[in-house]
4 protein chains.
Amino acid sequence: MLKVGVIGCGYWGPNLIRNFSALDDAEVKICSDLELKRIEHMKKLYPSVAITQDYRDIIEDSDIDAVVIATPVSTHYKLAAEALEAGKHVFCEKPLTQNVEEGVKLVDIADKMKKTLMVGHTFVYTAAVNKIKKLIKDGELGDVYYISTSRVNLGLFQKDINVVWDLAPHDLSIMNYILDSRPLYVSATGHSYIQPEIQDVAFVTLTYPGSVLANLQVSWLNPNKIRKTTVVGSKKMLVYDDVASLEKIRIYDKGVDVIPHYDTFGEFQLSYRYGDISIPKLDDSEPLKIECQHFLDCIAGKKARSSGRHGLEVLLIMDAIDRSMKANGEKITIEYPKSLT
Amino acid sequence: MLKVGVIGCGYWGPNLIRNFSALDDAEVKICSDLELKRIEHMKKLYPSVAITQDYRDIIEDSDIDAVVIATPVSTHYKLAAEALEAGKHVFCEKPLTQNVEEGVKLVDIADKMKKTLMVGHTFVYTAAVNKIKKLIKDGELGDVYYISTSRVNLGLFQKDINVVWDLAPHDLSIMNYILDSRPLYVSATGHSYIQPEIQDVAFVTLTYPGSVLANLQVSWLNPNKIRKTTVVGSKKMLVYDDVASLEKIRIYDKGVDVIPHYDTFGEFQLSYRYGDISIPKLDDSEPLKIECQHFLDCIAGKKARSSGRHGLEVLLIMDAIDRSMKANGEKITIEYPKSLT
Amino acid sequence: MLKVGVIGCGYWGPNLIRNFSALDDAEVKICSDLELKRIEHMKKLYPSVAITQDYRDIIEDSDIDAVVIATPVSTHYKLAAEALEAGKHVFCEKPLTQNVEEGVKLVDIADKMKKTLMVGHTFVYTAAVNKIKKLIKDGELGDVYYISTSRVNLGLFQKDINVVWDLAPHDLSIMNYILDSRPLYVSATGHSYIQPEIQDVAFVTLTYPGSVLANLQVSWLNPNKIRKTTVVGSKKMLVYDDVASLEKIRIYDKGVDVIPHYDTFGEFQLSYRYGDISIPKLDDSEPLKIECQHFLDCIAGKKARSSGRHGLEVLLIMDAIDRSMKANGEKITIEYPKSLT
Amino acid sequence: MLKVGVIGCGYWGPNLIRNFSALDDAEVKICSDLELKRIEHMKKLYPSVAITQDYRDIIEDSDIDAVVIATPVSTHYKLAAEALEAGKHVFCEKPLTQNVEEGVKLVDIADKMKKTLMVGHTFVYTAAVNKIKKLIKDGELGDVYYISTSRVNLGLFQKDINVVWDLAPHDLSIMNYILDSRPLYVSATGHSYIQPEIQDVAFVTLTYPGSVLANLQVSWLNPNKIRKTTVVGSKKMLVYDDVASLEKIRIYDKGVDVIPHYDTFGEFQLSYRYGDISIPKLDDSEPLKIECQHFLDCIAGKKARSSGRHGLEVLLIMDAIDRSMKANGEKITIEYPKSLT
């Protein structure tokens, strides 16, 4: 039975505690949060989990095998580095760290300590994203032409990171995963409407090998939550709407080559699409559960689907996006260190 | 009774004939198309309209007051210029011409001949777009932060223009109209997947005065027709979905300042939005009918909502988009001639 | 070239004129309406069609081959009978007549005169309804268990017929057509909220042979137009939403035999369906056009898909619904005359 | 701190354990299930809760204040009666018992023992249902004309109760609650397609005082989960879709008195509704949490929103539905005992 300690009980912490608790091979022994009210609430929900306001009670506990980090991103490096150095496996929420430099160092420490470092890119554990990956791999969509994504909502307006670092890790990890690739260039435009210097909206265009384009839109300003990914291929198009509870993936077939003439406005208006649509049934398991189990499997030797290296790739792309935004959308080449090849 | 002649009976022609025929103050006397089958079909639908394969029968007919041009864009300049020189008022489908140079000349000819030159930017005549313009003007949305649009479908794959010139005129005319402004800069990325040198997908970011951003996506590769415009303001957000037959405009209010904690995946998944939504009833008149009537009113002296000058502004923006795409997304400043100020 | 006269230019008249005009083998020679304004509007739209306020100008015109009747239902019998007696073929809007007695007589007259009598049950000419009929016939849905329909809107509040006679003809003609059958019994409850004695809402349960149930809901009180038909079979379920412009038919497959346990509210809420969904592409031709062409084909000898006899069956069912409503929902056996067997 | 014991850990049990555990004033001490695997799973999720396969360990435990019953309905009476007789407060899942006779006796026992008997009509604790109740009470909808509901899904095919007893308790408890009334008559048609004698689909028409009609549709045969309630009033209509995660309640205003003429099929098709729609933001608290807290409040003296008496009313209506179905839809008057007045 693997003993887990969870640092941070805000947004993701309680869900991680719940999921690790439900796994057969793990037990959450202790959780911490700076805020007393949050850990008291955890105690109520999970009476058998110990609580503390000092994360060192977790890292210094020789009984703990793995540390789960669900704190603000600015603390990720320090906490994860300490935990790895103390000989713990580490599961860290995304983004891995607040900058590339810290990410590089963290991956090195994990290598040095021979411990599992996994980053919580939850979406690569969803049934939907894995369905998309399979459809692409099986050639169902034909050649992928381009991907377009929207990830917008009313933002938490974090003070330590901009909207790209808050929301784009999801899209970048999904796209790298489904394309089994990583982007070559980026061009991005953003703006800070609410807080000076912290972009709250950004439009990003990435180029993957093979002229596959990707257009991302991230925003903290929308009073409606949108999580949509459109993959346009030469044969079919796929729309993945993560907010849709029952029809997350829709596959649009192409049907006609010739667009007919229309004599009335009505006929014209009614002609919206061109082939059959199919909506596959997806397994509705909670992805976090699968991700938590995967972390246990990786500790036992499996290759991580969202390793520290994958997390570092995402940081490198976001760093390039930041630089392009500062340079008025200039096209930036993303350079990956040799250790990531 | 104003006598109208229509050149081109393909996509828009029949609708324009139908609408001009239904107006009290106009009469369609004749229509032309190079294809015999099309004009014979027109004869069947509108037995009282004369037909010809030679457009000169229309332009040289002294009985004709106004010429409507619904032909491929490469022919617009020649046809419109001849008609204006022959003393006719001209209604021309969008885009006005196939390049800026022709557009400048056409506006000059109309000025010289003191005739009405109107371009068929139909959307500025829709109930939806006028509702949006009013909501912005009345301050209902607060300060406009940014606009995001998608205009995608399986394309006609025109050989004379790219997807920007085919689809973006709609978005550009809508945005200029609702913002009562015009963009300063543009940065765009596009790609040609099907035909060499003719972009079939493009992602465009425009900057309007006051740091209002606009992100456009146009594509001929999507087997699902999308026409969506999202206007994000400081108070409310508006989504205009032109494909939705019954709920074209949705207005999302903001509701909360603090995002609550969630203890389970379910609660988290269910929390999608933050305030009330309202869906105003819109008048469902056919916009083309209003546009055709507006053309008659402009001939009678009214100021055109989509004049040749408006059409020329759109050409200038598209020209800048083309240049930015060629320069790998470089930021291009759009220069408007003094005559457009 | 078959010469057509249209009586009644209110709701359906103009659409019928437009469609018959567009057919190769027909020509609308004349139309009539009691209201001068309506026929003047027709003149504007179709300058080559003659107009009159006196329907006898149509029936007595020896040049006219077929008469199209699109007037209030109370006048159907008189007009259709006169036209048939005058040797014309008759296309009559639904319902065929305002009561069973008139319907029986009308079918007799058509038989006697050996003329085509067709009733405008438009839906049996739609791509959607024919797709459903084919899916049922091919066994795609398995055994049909039951059908459920909603046909509700803000009503025209007709004074001569109740909501059943206004709206149910559509559902009844669709169900008889797709099941290739007719109901044995009916039990119905209705109420008159607005006008005394004229039901504006009704709930109807029909039993077809083989224990196939059908539940109809018709109402004039809903400020949202709904036209939905659900066919539940042993293998699959089909939902036909005629208001949906782009996804009229959705086919739901069954997927699981065992419903799993759920540990959280979220998982429970998210589990809405059980198999794949498919949305077939339908031909988007205007059904009225097909129906008008079918009328011409029937005059030429083809068997009518919505003959006077079909129209009479619908009257017999509606008559039984009326009697059941009066008898507080009592189960009524519908008796079909031998001539309909 | 109130001590709670939970009998039954199948569908609702785990959710009830989770919610009672999270309340400040309650503690789940023990849970039971006949199936060992289920209680072992509970132990994993909630290590501090004791488990047993014998429900008597709960009822005979003098430390337990309240017993929560989430077992198959056929066992409700026996378990609830024993628990009440042992001096426990009882929260019982719906329906209260498997027949009217048992329900009457159970209410009597609770009265005699002066203990709280509450039935789990969860929906009366939802934000949506309470919003509807308030809108009706405030006159926002005008006079309520009729209610129409659909509650269909692929069924669990319970062997001890039919689809009415499985699904209709929700609709009946909701309608009685929002109308603050109870039905006078019922007429129902049902059929058993899968298991002999156990209806798996039913269509029910109820009449409430003031000629308010209610049409219910319940089915175990639909491979798509629908939970829809439409309330049609003289001023507005409300649609409550419980499956919609983000837009559960839509309010349709009426807008026009006169339906306009349409000249084309397109215009006609596009005219679907008549006034503004509004979608109010609802609190997204878990209703079960509110219900569990309400049970504690009732033990402390508050009047129950879903008392044993309310549960008994629902049984009386379902009993009448069963009798009407057996009598081919005959109209049955529902008789309420004086104790329920």
# chains A, B, ... in the order shown; residues from 1 in each chain; ligands from 1

call {"tool": "select_by_dssp", "arguments": {"residues": "stretch 20-240 of chain A", "states": "strand (DSSP E or B)", "output": "PyMOL selection string"}}
result
chain A and resi 26-32+50-52+66-69+89-93+117-120+144-154+185-191+201-208+212-219+221-233+236-240

call {"tool": "closest_atom_pairs", "arguments": {"of": "chain C", "to": "chain A", "cutoff": "7 Å", "atoms": "only C-alpha atoms", "output": "CSV"}}
result
residue,atom,partner,partner_atom,distance
C:Ser245,CA,A:Leu270,CA,6.0
C:Leu246,CA,A:Tyr272,CA,6.2
C:Leu270,CA,A:Ser245,CA,6.0
C:Tyr272,CA,A:Leu246,CA,6.2
C:Tyr274,CA,A:Lys281,CA,6.9
C:Gly275,CA,A:Lys281,CA,5.1
C:Asp276,CA,A:Pro280,CA,4.6
C:Ile277,CA,A:Ile279,CA,4.9
C:Ser278,CA,A:Ser278,CA,4.4
C:Ile279,CA,A:Ile277,CA,4.9
C:Pro280,CA,A:Asp276,CA,4.6
C:Lys281,CA,A:Asp276,CA,4.7

call {"tool": "atom_distance", "arguments": {"atom1": "atom CA of B:Asp322", "atom2": "atom CA of B:Pro169"}}
result
13.2 Å

call {"tool": "closest_atom_pairs", "arguments": {"of": "stretch 2-81 of chain C", "to": "stretch 41-51 of chain B", "cutoff": "9 Å", "atoms": "only C-alpha atoms", "output": "Markdown table"}}
result
| residue | atom | partner | partner_atom | distance |
| --- | --- | --- | --- | --- |
| C:Arg18 | CA | B:Leu45 | CA | 7.8 |
| C:Ser21 | CA | B:Leu45 | CA | 6.4 |
| C:Ala22 | CA | B:Leu45 | CA | 5.5 |
| C:Leu23 | CA | B:Lys44 | CA | 8.1 |
| C:Asp24 | CA | B:Lys44 | CA | 7.9 |
| C:Leu45 | CA | B:Tyr46 | CA | 8.6 |
| C:Tyr46 | CA | B:Tyr46 | CA | 6.9 |
| C:Pro47 | CA | B:Ser48 | CA | 6.3 |
| C:Ser48 | CA | B:Ser48 | CA | 6.2 |

call {"tool": "write_last_selection", "arguments": {"atoms": "all heavy atoms", "output": "compact mmCIF listing (two decimals), in the first residue's frame"}}
result
# COMPACT_ATOMS: atom_id res chain seq x y z
N ARG C 18 -45.67 29.28 -55.72
CA ARG C 18 -44.25 29.30 -56.01
C ARG C 18 -43.78 27.92 -56.48
O ARG C 18 -43.06 27.80 -57.46
CB ARG C 18 -43.46 29.74 -54.77
CG ARG C 18 -41.95 29.78 -54.97
CD ARG C 18 -41.23 30.45 -53.81
NE ARG C 18 -41.65 29.91 -52.53
CZ ARG C 18 -41.21 28.75 -52.01
NH1 ARG C 18 -40.34 28.04 -52.68
NH2 ARG C 18 -41.65 28.34 -50.84
N SER C 21 -45.29 26.82 -59.83
CA SER C 21 -44.68 27.63 -60.89
C SER C 21 -43.32 27.11 -61.29
O SER C 21 -42.91 27.21 -62.45
CB SER C 21 -44.52 29.08 -60.42
OG SER C 21 -45.78 29.66 -60.17
N ALA C 22 -42.59 26.56 -60.30
CA ALA C 22 -41.21 26.14 -60.58
C ALA C 22 -41.13 24.78 -61.26
O ALA C 22 -40.07 24.39 -61.74
CB ALA C 22 -40.42 26.13 -59.27
N LEU C 23 -42.27 24.05 -61.30
CA LEU C 23 -42.24 22.73 -61.92
C LEU C 23 -42.25 22.84 -63.45
O LEU C 23 -42.90 23.73 -64.01
CB LEU C 23 -43.45 21.90 -61.47
CG LEU C 23 -43.49 21.54 -59.98
CD1 LEU C 23 -44.76 20.76 -59.67
CD2 LEU C 23 -42.26 20.75 -59.56
N ASP C 24 -41.57 21.91 -64.10
CA ASP C 24 -41.47 21.95 -65.55
C ASP C 24 -42.81 21.70 -66.25
O ASP C 24 -43.06 22.26 -67.32
CB ASP C 24 -40.47 20.89 -66.04
CG ASP C 24 -39.04 21.32 -65.75
OD1 ASP C 24 -38.81 22.54 -65.63
OD2 ASP C 24 -38.18 20.45 -65.64
N LEU C 45 -45.56 39.42 -56.73
CA LEU C 45 -44.57 38.34 -56.69
C LEU C 45 -44.55 37.54 -58.00
O LEU C 45 -43.50 37.11 -58.46
CB LEU C 45 -44.86 37.38 -55.53
CG LEU C 45 -44.64 37.91 -54.11
CD1 LEU C 45 -45.09 36.88 -53.08
CD2 LEU C 45 -43.18 38.26 -53.89
N TYR C 46 -45.73 37.32 -58.57
CA TYR C 46 -45.83 36.48 -59.77
C TYR C 46 -46.66 37.20 -60.82
O TYR C 46 -47.85 36.91 -61.00
CB TYR C 46 -46.47 35.13 -59.41
CG TYR C 46 -45.73 34.44 -58.30
CD1 TYR C 46 -46.20 34.51 -56.99
CD2 TYR C 46 -44.53 33.78 -58.54
CE1 TYR C 46 -45.48 33.92 -55.96
CE2 TYR C 46 -43.81 33.19 -57.52
CZ TYR C 46 -44.29 33.27 -56.23
OH TYR C 46 -43.59 32.71 -55.22
N PRO C 47 -46.03 38.15 -61.52
CA PRO C 47 -46.78 39.01 -62.44
C PRO C 47 -47.54 38.25 -63.52
O PRO C 47 -48.55 38.75 -64.03
CB PRO C 47 -45.69 39.90 -63.06
CG PRO C 47 -44.54 39.83 -62.09
CD PRO C 47 -44.61 38.47 -61.48
N SER C 48 -47.09 37.05 -63.85
CA SER C 48 -47.74 36.34 -64.94
C SER C 48 -48.96 35.53 -64.49
O SER C 48 -49.64 34.93 -65.31
CB SER C 48 -46.73 35.40 -65.63
OG SER C 48 -46.24 34.48 -64.69
